[in-house]
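Raw input34.txt, compact mmCIF, C-alpha atoms and all ligand atoms:
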# COMPACT_ATOMS: atom_id res chain seq x y z
CA MET A 1 -155.92 47.52 53.38
CA HIS A 2 -159.26 49.27 52.79
CA ASN A 3 -159.17 52.99 51.94
CA VAL A 4 -161.68 55.15 53.78
CA ILE A 5 -162.14 58.87 53.12
CA VAL A 6 -163.29 60.99 56.07
CA THR A 7 -164.23 64.56 55.20
CA GLY A 8 -163.75 67.09 57.96
CA GLY A 9 -161.25 64.69 59.52
CA SER A 10 -159.10 67.38 61.12
CA ARG A 11 -161.25 68.26 64.15
CA GLY A 12 -164.26 67.31 66.20
CA LEU A 13 -166.25 64.26 65.20
CA GLY A 14 -164.23 63.69 62.03
CA LEU A 15 -160.95 63.55 63.97
CA GLY A 16 -162.51 61.02 66.33
CA MET A 17 -163.58 58.90 63.35
CA VAL A 18 -160.07 59.06 61.92
CA ARG A 19 -158.66 57.77 65.22
CA VAL A 20 -161.17 54.94 65.56
CA LEU A 21 -160.92 53.87 61.91
CA SER A 22 -157.15 53.87 62.02
CA SER A 23 -157.26 51.66 65.12
CA ALA A 24 -159.63 49.35 63.27
CA GLY A 25 -157.00 48.93 60.56
CA TYR A 26 -158.29 51.11 57.74
CA ASN A 27 -156.06 53.25 55.55
CA VAL A 28 -157.64 56.59 56.39
CA ILE A 29 -157.61 59.67 54.16
CA ALA A 30 -158.67 62.75 56.12
CA ILE A 31 -159.89 65.77 54.16
CA ALA A 32 -160.18 69.34 55.44
CA ARG A 33 -158.98 72.76 54.39
CA GLN A 34 -156.22 72.75 56.98
CA GLU A 35 -154.35 70.11 58.88
CA SER A 36 -154.77 70.55 62.63
CA ALA A 37 -152.07 69.86 65.20
CA GLU A 38 -154.22 67.04 66.61
CA LEU A 39 -154.51 65.36 63.22
CA ALA A 40 -150.77 65.76 62.62
CA ALA A 41 -150.22 63.94 65.92
CA VAL A 42 -152.55 61.11 64.86
CA ILE A 43 -150.71 60.81 61.52
CA GLN A 44 -147.39 60.56 63.39
CA ASP A 45 -148.68 57.98 65.77
CA SER A 46 -151.49 56.21 63.98
CA GLY A 47 -153.14 52.97 65.02
CA ARG A 48 -153.08 49.81 62.96
CA GLY A 49 -153.91 51.71 59.78
CA PRO A 50 -151.94 54.64 58.38
CA VAL A 51 -153.56 58.09 58.30
CA HIS A 52 -153.07 60.64 55.51
CA PHE A 53 -154.15 64.23 55.20
CA ARG A 54 -155.10 65.84 51.90
CA ALA A 55 -156.15 69.49 51.89
CA PHE A 56 -159.25 70.40 49.91
CA ASP A 57 -161.98 73.02 50.22
CA LEU A 58 -165.20 71.09 49.63
CA CYS A 59 -167.00 74.32 48.75
CA ASP A 60 -165.00 74.17 45.52
CA THR A 61 -167.50 71.73 44.01
CA PRO A 62 -166.18 72.05 40.41
CA GLY A 63 -162.82 70.85 41.72
CA ILE A 64 -164.25 67.67 43.26
CA PRO A 65 -164.01 65.37 40.18
CA GLY A 66 -160.31 66.14 39.70
CA PHE A 67 -159.64 65.79 43.42
CA VAL A 68 -161.29 62.35 43.55
CA LYS A 69 -159.39 61.26 40.47
CA ALA A 70 -156.10 62.29 42.06
CA LEU A 71 -156.94 60.39 45.27
CA ARG A 72 -157.86 57.30 43.30
CA ARG A 73 -154.58 57.46 41.39
CA GLU A 74 -152.62 57.86 44.59
CA PHE A 75 -154.42 55.42 46.89
CA GLY A 76 -156.27 52.99 44.63
CA SER A 77 -159.89 51.94 45.03
CA PHE A 78 -162.11 53.35 47.76
CA TYR A 79 -163.84 51.09 50.25
CA GLY A 80 -165.53 53.74 52.35
CA LEU A 81 -166.58 57.37 52.30
CA VAL A 82 -167.70 59.27 55.39
CA ASN A 83 -169.36 62.57 54.56
CA ASN A 84 -168.76 64.33 57.83
CA ALA A 85 -167.51 67.85 57.01
CA GLY A 86 -170.14 70.42 57.73
CA LEU A 87 -170.82 73.89 58.97
CA GLY A 88 -173.11 74.47 61.92
CA THR A 89 -173.91 78.10 61.30
CA GLY A 90 -176.93 79.12 63.30
CA GLY A 91 -179.16 82.16 63.18
CA LEU A 92 -182.75 83.18 62.79
CA LEU A 93 -183.83 82.57 59.23
CA ALA A 94 -185.40 86.02 58.97
CA SER A 95 -182.06 87.68 59.53
CA MET A 96 -179.65 85.23 57.95
CA PRO A 97 -177.67 86.65 55.02
CA ASP A 98 -178.52 84.88 51.76
CA ALA A 99 -174.87 84.26 51.03
CA GLN A 100 -174.57 82.42 54.35
CA ILE A 101 -177.58 80.26 53.50
CA GLU A 102 -176.01 79.32 50.18
CA ARG A 103 -172.69 78.54 51.80
CA LEU A 104 -174.34 76.23 54.31
CA VAL A 105 -176.26 74.37 51.63
CA ARG A 106 -173.19 74.16 49.44
CA LEU A 107 -170.93 72.65 52.07
CA ASN A 108 -173.50 70.50 53.88
CA THR A 109 -175.57 69.24 50.96
CA VAL A 110 -174.13 69.95 47.51
CA ALA A 111 -170.54 69.02 48.34
CA PRO A 112 -171.31 65.60 49.87
CA VAL A 113 -173.66 64.77 47.01
CA ILE A 114 -171.07 65.61 44.36
CA LEU A 115 -168.24 63.97 46.27
CA THR A 116 -170.36 60.84 46.66
CA LYS A 117 -171.15 60.88 42.95
CA TYR A 118 -167.50 60.57 41.99
CA VAL A 119 -166.55 58.17 44.75
CA VAL A 120 -169.57 55.94 44.13
CA ARG A 121 -168.66 55.69 40.46
CA SER A 122 -165.34 54.32 41.41
CA MET A 123 -166.96 51.97 43.94
CA MET A 124 -169.29 50.76 41.19
CA ALA A 125 -166.35 50.01 38.96
CA ASP A 126 -164.76 48.04 41.79
CA GLY A 127 -167.97 46.25 42.78
CA GLY A 128 -168.74 47.44 46.32
CA GLY A 129 -168.27 49.96 49.08
CA ARG A 130 -169.67 51.78 52.10
CA ILE A 131 -170.98 55.30 52.42
CA VAL A 132 -171.87 56.98 55.70
CA ASN A 133 -173.45 60.43 55.79
CA VAL A 134 -173.37 62.46 58.98
CA SER A 135 -176.81 63.93 59.63
CA SER A 136 -178.07 65.21 62.97
CA ILE A 137 -181.01 64.71 65.32
CA VAL A 138 -182.08 68.28 64.62
CA SER A 139 -183.32 67.02 61.27
CA PHE A 140 -186.07 65.15 63.20
CA THR A 141 -186.55 67.30 66.26
CA GLY A 142 -186.24 70.86 65.09
CA PHE A 143 -184.26 73.53 66.86
CA SER A 144 -184.91 77.24 66.75
CA GLY A 145 -182.05 79.04 65.01
CA LEU A 146 -181.01 76.01 63.01
CA SER A 147 -183.59 75.90 60.22
CA VAL A 148 -181.13 76.04 57.33
CA TYR A 149 -178.70 73.70 59.03
CA SER A 150 -181.58 71.28 59.73
CA ALA A 151 -182.65 71.44 56.10
CA THR A 152 -179.18 70.37 55.02
CA LYS A 153 -179.01 67.57 57.59
CA SER A 154 -182.46 66.26 56.55
CA SER A 155 -181.39 66.37 52.95
CA LEU A 156 -178.70 63.82 53.71
CA VAL A 157 -181.31 61.42 55.10
CA GLY A 158 -183.35 61.53 51.88
CA PHE A 159 -180.15 61.21 49.89
CA THR A 160 -179.09 58.20 51.98
CA ARG A 161 -182.35 56.32 51.52
CA SER A 162 -182.67 56.80 47.77
CA LEU A 163 -179.02 56.23 46.98
CA ALA A 164 -179.11 53.03 49.03
CA ARG A 165 -181.80 51.77 46.67
CA GLU A 166 -179.85 52.88 43.62
CA VAL A 167 -176.53 51.22 44.39
CA GLY A 168 -177.58 48.24 46.50
CA LYS A 169 -177.28 45.87 43.56
CA VAL A 170 -173.59 46.63 43.27
CA ASP A 171 -173.05 45.85 46.93
CA ILE A 172 -172.64 49.42 48.11
CA THR A 173 -174.34 50.30 51.39
CA VAL A 174 -175.41 53.85 52.21
CA ASN A 175 -176.34 54.81 55.76
CA ALA A 176 -176.56 57.90 57.90
CA VAL A 177 -175.55 58.59 61.46
CA ALA A 178 -177.56 61.17 63.39
CA PRO A 179 -175.59 62.40 66.40
CA GLY A 180 -177.15 64.31 69.22
CA PHE A 181 -175.32 67.18 70.81
CA VAL A 182 -171.58 66.47 71.06
CA ASP A 183 -169.00 68.80 72.52
CA THR A 184 -166.91 70.02 69.55
CA GLU A 185 -165.88 73.41 68.17
CA MET A 186 -169.14 73.48 66.23
CA THR A 187 -171.18 73.49 69.40
CA GLU A 188 -168.93 75.57 71.65
CA SER A 189 -171.28 78.54 71.30
CA LEU A 190 -173.93 76.72 73.31
CA HIS A 191 -173.68 77.89 76.88
CA SER A 192 -173.44 75.60 79.85
CA GLU A 193 -177.08 76.14 80.73
CA GLN A 194 -178.24 74.76 77.37
CA ARG A 195 -175.75 71.95 77.70
CA ALA A 196 -177.10 71.01 81.13
CA LYS A 197 -180.63 71.04 79.75
CA ILE A 198 -179.75 68.70 76.90
CA MET A 199 -178.06 66.37 79.35
CA ARG A 200 -180.99 66.39 81.75
CA ARG A 201 -183.48 65.66 79.00
CA SER A 202 -181.60 62.72 77.51
CA ALA A 203 -182.74 59.27 78.56
CA LEU A 204 -179.30 58.36 79.82
CA GLY A 205 -178.75 61.68 81.57
CA ARG A 206 -175.51 62.43 79.77
CA LEU A 207 -174.03 63.78 76.55
CA VAL A 208 -172.72 61.77 73.65
CA ALA A 209 -168.95 61.64 73.26
CA VAL A 210 -167.05 61.97 69.98
CA GLU A 211 -166.00 58.30 70.30
CA ASP A 212 -169.64 57.14 70.46
CA VAL A 213 -170.33 58.66 67.05
CA ALA A 214 -167.04 57.36 65.67
CA ASN A 215 -167.85 53.84 66.89
CA ALA A 216 -171.20 53.96 65.10
CA VAL A 217 -169.43 54.92 61.88
CA GLU A 218 -166.92 52.12 62.35
CA PHE A 219 -169.75 49.65 62.81
CA LEU A 220 -171.49 50.77 59.61
CA LEU A 221 -168.23 50.38 57.70
CA SER A 222 -167.51 46.96 59.16
CA ASP A 223 -168.41 43.58 57.78
CA LYS A 224 -170.91 43.19 60.63
CA ALA A 225 -173.09 45.83 58.98
CA LYS A 226 -173.03 44.29 55.51
CA ASN A 227 -176.80 43.82 55.48
CA ILE A 228 -177.66 47.28 56.78
CA THR A 229 -178.40 49.96 54.23
CA GLY A 230 -180.68 52.98 53.87
CA THR A 231 -180.96 53.50 57.62
CA VAL A 232 -180.26 56.27 60.07
CA LEU A 233 -178.40 55.31 63.22
CA THR A 234 -179.19 57.80 65.98
CA VAL A 235 -176.44 58.31 68.55
CA ASP A 236 -177.85 60.75 71.09
CA ALA A 237 -177.85 59.16 74.56
CA GLY A 238 -181.60 58.96 74.21
CA SER A 239 -182.32 62.64 73.62
CA THR A 240 -184.99 61.79 71.08
CA ALA A 241 -186.15 58.55 72.73
CA MET B 1 -156.41 53.17 18.87
CA SER B 2 -160.04 53.10 17.74
CA VAL B 3 -159.94 49.31 17.56
CA SER B 4 -158.91 49.14 21.18
CA VAL B 5 -161.59 51.62 22.26
CA ARG B 6 -164.18 49.47 20.53
CA SER B 7 -162.96 46.21 21.96
CA THR B 8 -162.62 47.71 25.44
CA ILE B 9 -166.24 48.84 25.28
CA LEU B 10 -167.53 45.52 23.99
CA SER B 11 -165.72 43.53 26.63
CA GLN B 12 -167.09 45.83 29.36
CA PHE B 13 -170.64 45.27 28.12
CA GLU B 14 -170.09 41.54 28.31
CA GLN B 15 -168.42 41.61 31.70
CA VAL B 16 -171.04 43.83 33.35
CA ALA B 17 -173.89 41.76 31.88
CA ARG B 18 -172.26 38.67 33.37
CA GLU B 19 -171.76 40.25 36.79
CA GLN B 20 -175.29 41.64 36.95
CA ASN B 21 -176.88 38.45 35.59
CA ARG B 22 -178.28 40.13 32.52
CA LYS B 23 -178.95 38.47 29.21
CA LEU B 24 -177.01 40.53 26.70
CA ALA B 25 -178.43 40.93 23.18
CA PRO B 26 -176.02 40.17 20.32
CA LEU B 27 -173.77 43.21 20.05
CA SER B 28 -173.94 45.07 16.76
CA ASP B 29 -173.59 48.75 15.89
CA ASP B 30 -177.31 49.23 15.29
CA LEU B 31 -178.33 47.60 18.57
CA VAL B 32 -180.51 50.07 20.50
CA LEU B 33 -178.90 50.36 23.94
CA MET B 34 -182.25 50.20 25.72
CA ASP B 35 -182.77 46.79 24.13
CA SER B 36 -179.30 45.52 24.98
CA GLY B 37 -180.40 43.85 28.19
CA LEU B 38 -178.44 46.29 30.37
CA ASP B 39 -180.26 48.74 32.64
CA SER B 40 -179.22 52.22 33.73
CA LEU B 41 -177.24 50.84 36.68
CA CYS B 42 -175.29 48.58 34.33
CA PHE B 43 -174.53 51.58 32.10
CA ALA B 44 -173.32 53.55 35.07
CA ILE B 45 -170.92 50.70 35.87
CA VAL B 46 -169.80 50.45 32.24
CA VAL B 47 -169.09 54.20 32.08
CA ALA B 48 -167.19 54.13 35.39
CA ARG B 49 -165.09 51.15 34.25
CA LEU B 50 -164.39 52.73 30.89
CA GLU B 51 -163.17 55.85 32.62
CA ASP B 52 -160.70 53.66 34.50
CA ALA B 53 -159.67 51.75 31.40
CA LEU B 54 -159.48 54.65 28.93
CA GLY B 55 -158.74 57.53 31.27
CA PHE B 56 -161.70 59.71 30.27
CA ASP B 57 -165.46 59.99 30.53
CA PRO B 58 -167.10 61.67 27.52
CA PHE B 59 -170.37 62.06 29.46
CA GLY B 60 -168.80 63.91 32.35
CA ALA B 61 -166.96 66.33 30.08
CA THR B 62 -169.88 67.86 28.21
CA GLU B 63 -172.52 70.09 29.73
CA ASP B 64 -175.59 68.40 28.24
CA ALA B 65 -174.43 64.99 27.17
CA ARG B 66 -177.36 63.07 25.70
CA PHE B 67 -176.93 59.36 26.13
CA PRO B 68 -176.39 57.71 22.73
CA VAL B 69 -179.21 55.63 21.28
CA THR B 70 -177.36 52.77 19.60
CA LEU B 71 -174.23 50.86 20.44
CA GLY B 72 -172.61 52.32 17.32
CA ASP B 73 -173.33 55.86 18.60
CA PHE B 74 -171.97 54.90 22.01
CA ILE B 75 -168.70 53.66 20.53
CA ALA B 76 -168.42 56.69 18.21
CA PHE B 77 -168.90 58.95 21.23
CA TYR B 78 -165.89 57.39 22.93
CA GLU B 79 -163.83 57.29 19.73
CA ASP B 80 -164.47 61.00 19.13
CA ALA B 81 -163.51 61.85 22.69
CA ALA B 82 -160.32 59.80 22.33
CA LYS B 83 -159.16 61.91 19.35
N1 LIG A 301 -171.06 68.57 67.19
C1 LIG A 301 -172.32 68.18 67.25
O1 LIG A 301 -172.99 68.26 68.29
C2 LIG A 301 -172.99 67.58 66.05
C3 LIG A 301 -174.26 67.05 66.21
C4 LIG A 301 -174.90 66.48 65.11
C5 LIG A 301 -174.26 66.44 63.89
N2 LIG A 301 -173.02 66.98 63.74
C6 LIG A 301 -172.41 66.92 62.42
O2 LIG A 301 -171.15 66.30 62.53
C7 LIG A 301 -170.27 66.80 61.53
C8 LIG A 301 -168.97 67.26 62.16
O3 LIG A 301 -169.24 68.25 63.12
P1 LIG A 301 -168.17 68.75 64.19
O4 LIG A 301 -168.93 69.19 65.36
O5 LIG A 301 -167.10 67.74 64.33
O6 LIG A 301 -167.59 70.06 63.42
P2 LIG A 301 -166.23 70.87 63.61
O7 LIG A 301 -165.59 70.51 64.90
O8 LIG A 301 -166.58 72.28 63.32
O9 LIG A 301 -165.32 70.27 62.42
C9 LIG A 301 -165.68 70.49 61.08
C10 LIG A 301 -164.71 69.78 60.17
O10 LIG A 301 -165.08 70.04 58.80
C11 LIG A 301 -163.99 70.64 58.11
N3 LIG A 301 -164.48 71.62 57.14
C12 LIG A 301 -165.19 72.75 57.38
N4 LIG A 301 -165.39 73.42 56.25
C13 LIG A 301 -164.77 72.71 55.26
C14 LIG A 301 -164.61 72.91 53.86
N5 LIG A 301 -165.10 73.98 53.23
N6 LIG A 301 -163.92 71.99 53.15
C15 LIG A 301 -163.41 70.89 53.76
N7 LIG A 301 -163.53 70.66 55.08
C16 LIG A 301 -164.21 71.55 55.82
C17 LIG A 301 -163.16 71.30 59.21
O11 LIG A 301 -161.81 71.49 58.83
P3 LIG A 301 -161.32 72.92 58.15
O12 LIG A 301 -161.99 74.01 58.89
O13 LIG A 301 -159.82 72.91 58.29
O14 LIG A 301 -161.70 72.83 56.71
C18 LIG A 301 -163.28 70.27 60.31
O15 LIG A 301 -162.40 69.19 60.08
C19 LIG A 301 -171.04 67.91 60.82
O16 LIG A 301 -171.57 67.41 59.61
C20 LIG A 301 -172.14 68.25 61.80
O17 LIG A 301 -173.28 68.74 61.11
C21 LIG A 301 -172.38 67.54 64.80

So that I can check it, write out the structure of this file as structure tokens.
Ligand SMILES: NC(=O)c1ccc[n+]([C@@H]2O[C@H](COP(=O)([O-])OP(=O)(O)OC[C@H]3O[C@@H](n4cnc5c(N)ncnc54)[C@H](OP(=O)(O)O)[C@@H]3O)[C@@H](O)[C@H]2O)c1
Amino acid sequence: MHNVIVTGGSRGLGLGMVRVLSSAGYNVIAIARQESAELAAVIQDSGRGPVHFRAFDLCDTPGIPGFVKALRREFGSFYGLVNNAGLGTGGLLASMPDAQIERLVRLNTVAPVILTKYVVRSMMADGGGRIVNVSSIVSFTGFSGLSVYSATKSSLVGFTRSLAREVGKVDITVNAVAPGFVDTEMTESLHSEQRAKIMRRSALGRLVAVEDVANAVEFLLSDKAKNITGTVLTVDAGSTA
Amino acid sequence: MSVSVRSTILSQFEQVAREQNRKLAPLSDDLVLMDSGLDSLCFAIVVARLEDALGFDPFGATEDARFPVTLGDFIAFYEDAAK
């Protein structure tokens, strides 16, 4: 059974991915700082594939190599990695505390890059794998109050494209998914007026659901996507169409 | 111990060259790695496999690890780290 790591698998989009990937028969390893009640329920009653939770704070980047090593020892080789954990801190750049900027970049950019480094090494040794990075449509569209967040989400697109070139010869694919606005804890600060506006402006006249994003990730991990690498799959109900 | 480190390294060079369809130069201690027929991707695979086989990665451990020039240096690097 293929092992797939999902960071930020305890809530929101990550939890949805864990559910879908378990139903698809993967052995899913969900990473977050804390196990949520919802994830505990999924672990109890998983789909075709078992689900495991391992606690780790991804901001602890020096701890990542040891953490990956321990996972490898416990679970064996990695088939997939989904870099989904992220902070959505907003705020005007001019008034954003520097420490907050650094925290955002650390969790959203530095941590996935370092985590990928150690996981990809192991994939190289095993001769293949799949990496999916969770970006966002704000990296193409822009959104006032999200400049730092957007910078981190764009960084994952550049990372995806170049890494895809680097590791293609060892049969590792690297792709990104760019969700539009999805109702999760990250976006609960948006008020209903903004929500209605996003819905109205989307081509399909509705919002994207967690499952839509999770299905896109499942597709990119599946054998059907074996010849897709270095791309960004936008899942936004046509908001940017 | 050092014999097994050496032979593990040599067999990884051969295996990766085979998998990546590279023509491997005859392996001797004074072979310059850049002339070995393996490229940087192949070396990344070799180092990852050796970490699995030997349990350590001498390049990850040091702050400013320079990549060795010859095969002999490469082997010595691993043998020193194994001590
Ligand atoms: N929601 C949207 O509309 C939307 C749109 C586009 C892109 N995205 C992207 O989708 C991803 C998931 O977003 P979401 O809305 O599902 O977020 P969310 O509901 O806030 O969930 C974030 C997840 O990341 C984990 N996490 C946070 N900090 C962590 C840390 N330091 N170490 C390890 N895990 C950590 C959280 O668990 P713990 O707190 O327990 O650690 C949680 O599982 C993000 O990358 C986001 O940028 C979201």

Practice problem: Within 12 Å of Ala214 (chain A), counting all atoms listed in the file, which residues show up once you throw out same-chain ones fewer than 2 positions away? Write them as a PyMOL selection string, please. | Solution: chain A and resi 6+9+12-24+82+84+132+134+177-179+182+208-212+216-221+233+235

Quiz item: Can you tell me how far CA of Ser40 (chain B) sits from CA of Asp52 (chain B), in Å to one decimal?
Solution: 18.6 Å

Exercise. Would you please work out which residue, of A:Arg121, A:Arg106, A:Arg130, A:Arg48, is nearest to chain B when using all atoms listed in the file?
Key: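 So, comparing all the options, the nearest one is A:Arg121.
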
Quiz item: Could you work out how far CA of Ala41 (chain A) lies from CA of Asn27 (chain A), giving the answer in Å with one decimal?
Solution: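 Distance between the two atoms: 16.0 Å.
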
Quiz item: What does the distance from CA of Pro50 (chain A) to CA of Ile5 (chain A) come to in Å, to one decimal?
Solution: 12.2 Å

Quiz item: Once you count only C-alpha atoms and all ligand atoms, which residues end up within 8 Å of ligand LIG 301 (chain A), and could you hand them over as a VMD selection string?
Solution: chain A and resid 7 to 15 31 to 36 55 to 60 83 to 88 107 to 108 134 to 138 149 153 178 to 187

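Of the residues under consideration (A:Ser77, A:Asn227, A:Ser46, A:Thr152), A:Ser77 shows the shortest atom-to-atom contact distance to chain B when counting all atoms listed in the file.
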
Practice problem: Tell me which of A:Asp223, A:Asp45, A:Glu102, A:Asp171 sits closest to chain B, counting all atoms listed in the file. | Solution: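 Among A:Asp223, A:Asp45, A:Glu102, A:Asp171, it is A:Asp171 that comes nearest to chain B.
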
Quiz item: With all atoms listed in the file as the basis for distance, which of A:Val51, A:Val170, A:Val4, A:Ile64 is at the shortest distance from chain B?
Solution: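 Among the listed residues, the smallest separation from chain B belongs to A:Val170.
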
Self-check item: Option closest in space to Met34 (chain B), from B:Leu54, B:Val46, B:Val69, B:Ile9 [counting only C-alpha atoms]
Solution: B:Val69

Listing only residues of chain B within 8 Å of chain A, what is the closest atom pair and its distance in Å (to one decimal) for each, using only C-alpha atoms, sorted by chain and residue number ascending, as CSV?
residue,atom,partner,partner_atom,distance
B:Leu41,CA,A:Glu166,CA,7.7
B:Ala44,CA,A:Arg121,CA,7.4
B:Ile45,CA,A:Ala125,CA,5.6
B:Val46,CA,A:Ala125,CA,7.6
B:Ala48,CA,A:Arg121,CA,5.5
B:Arg49,CA,A:Ala125,CA,5.0
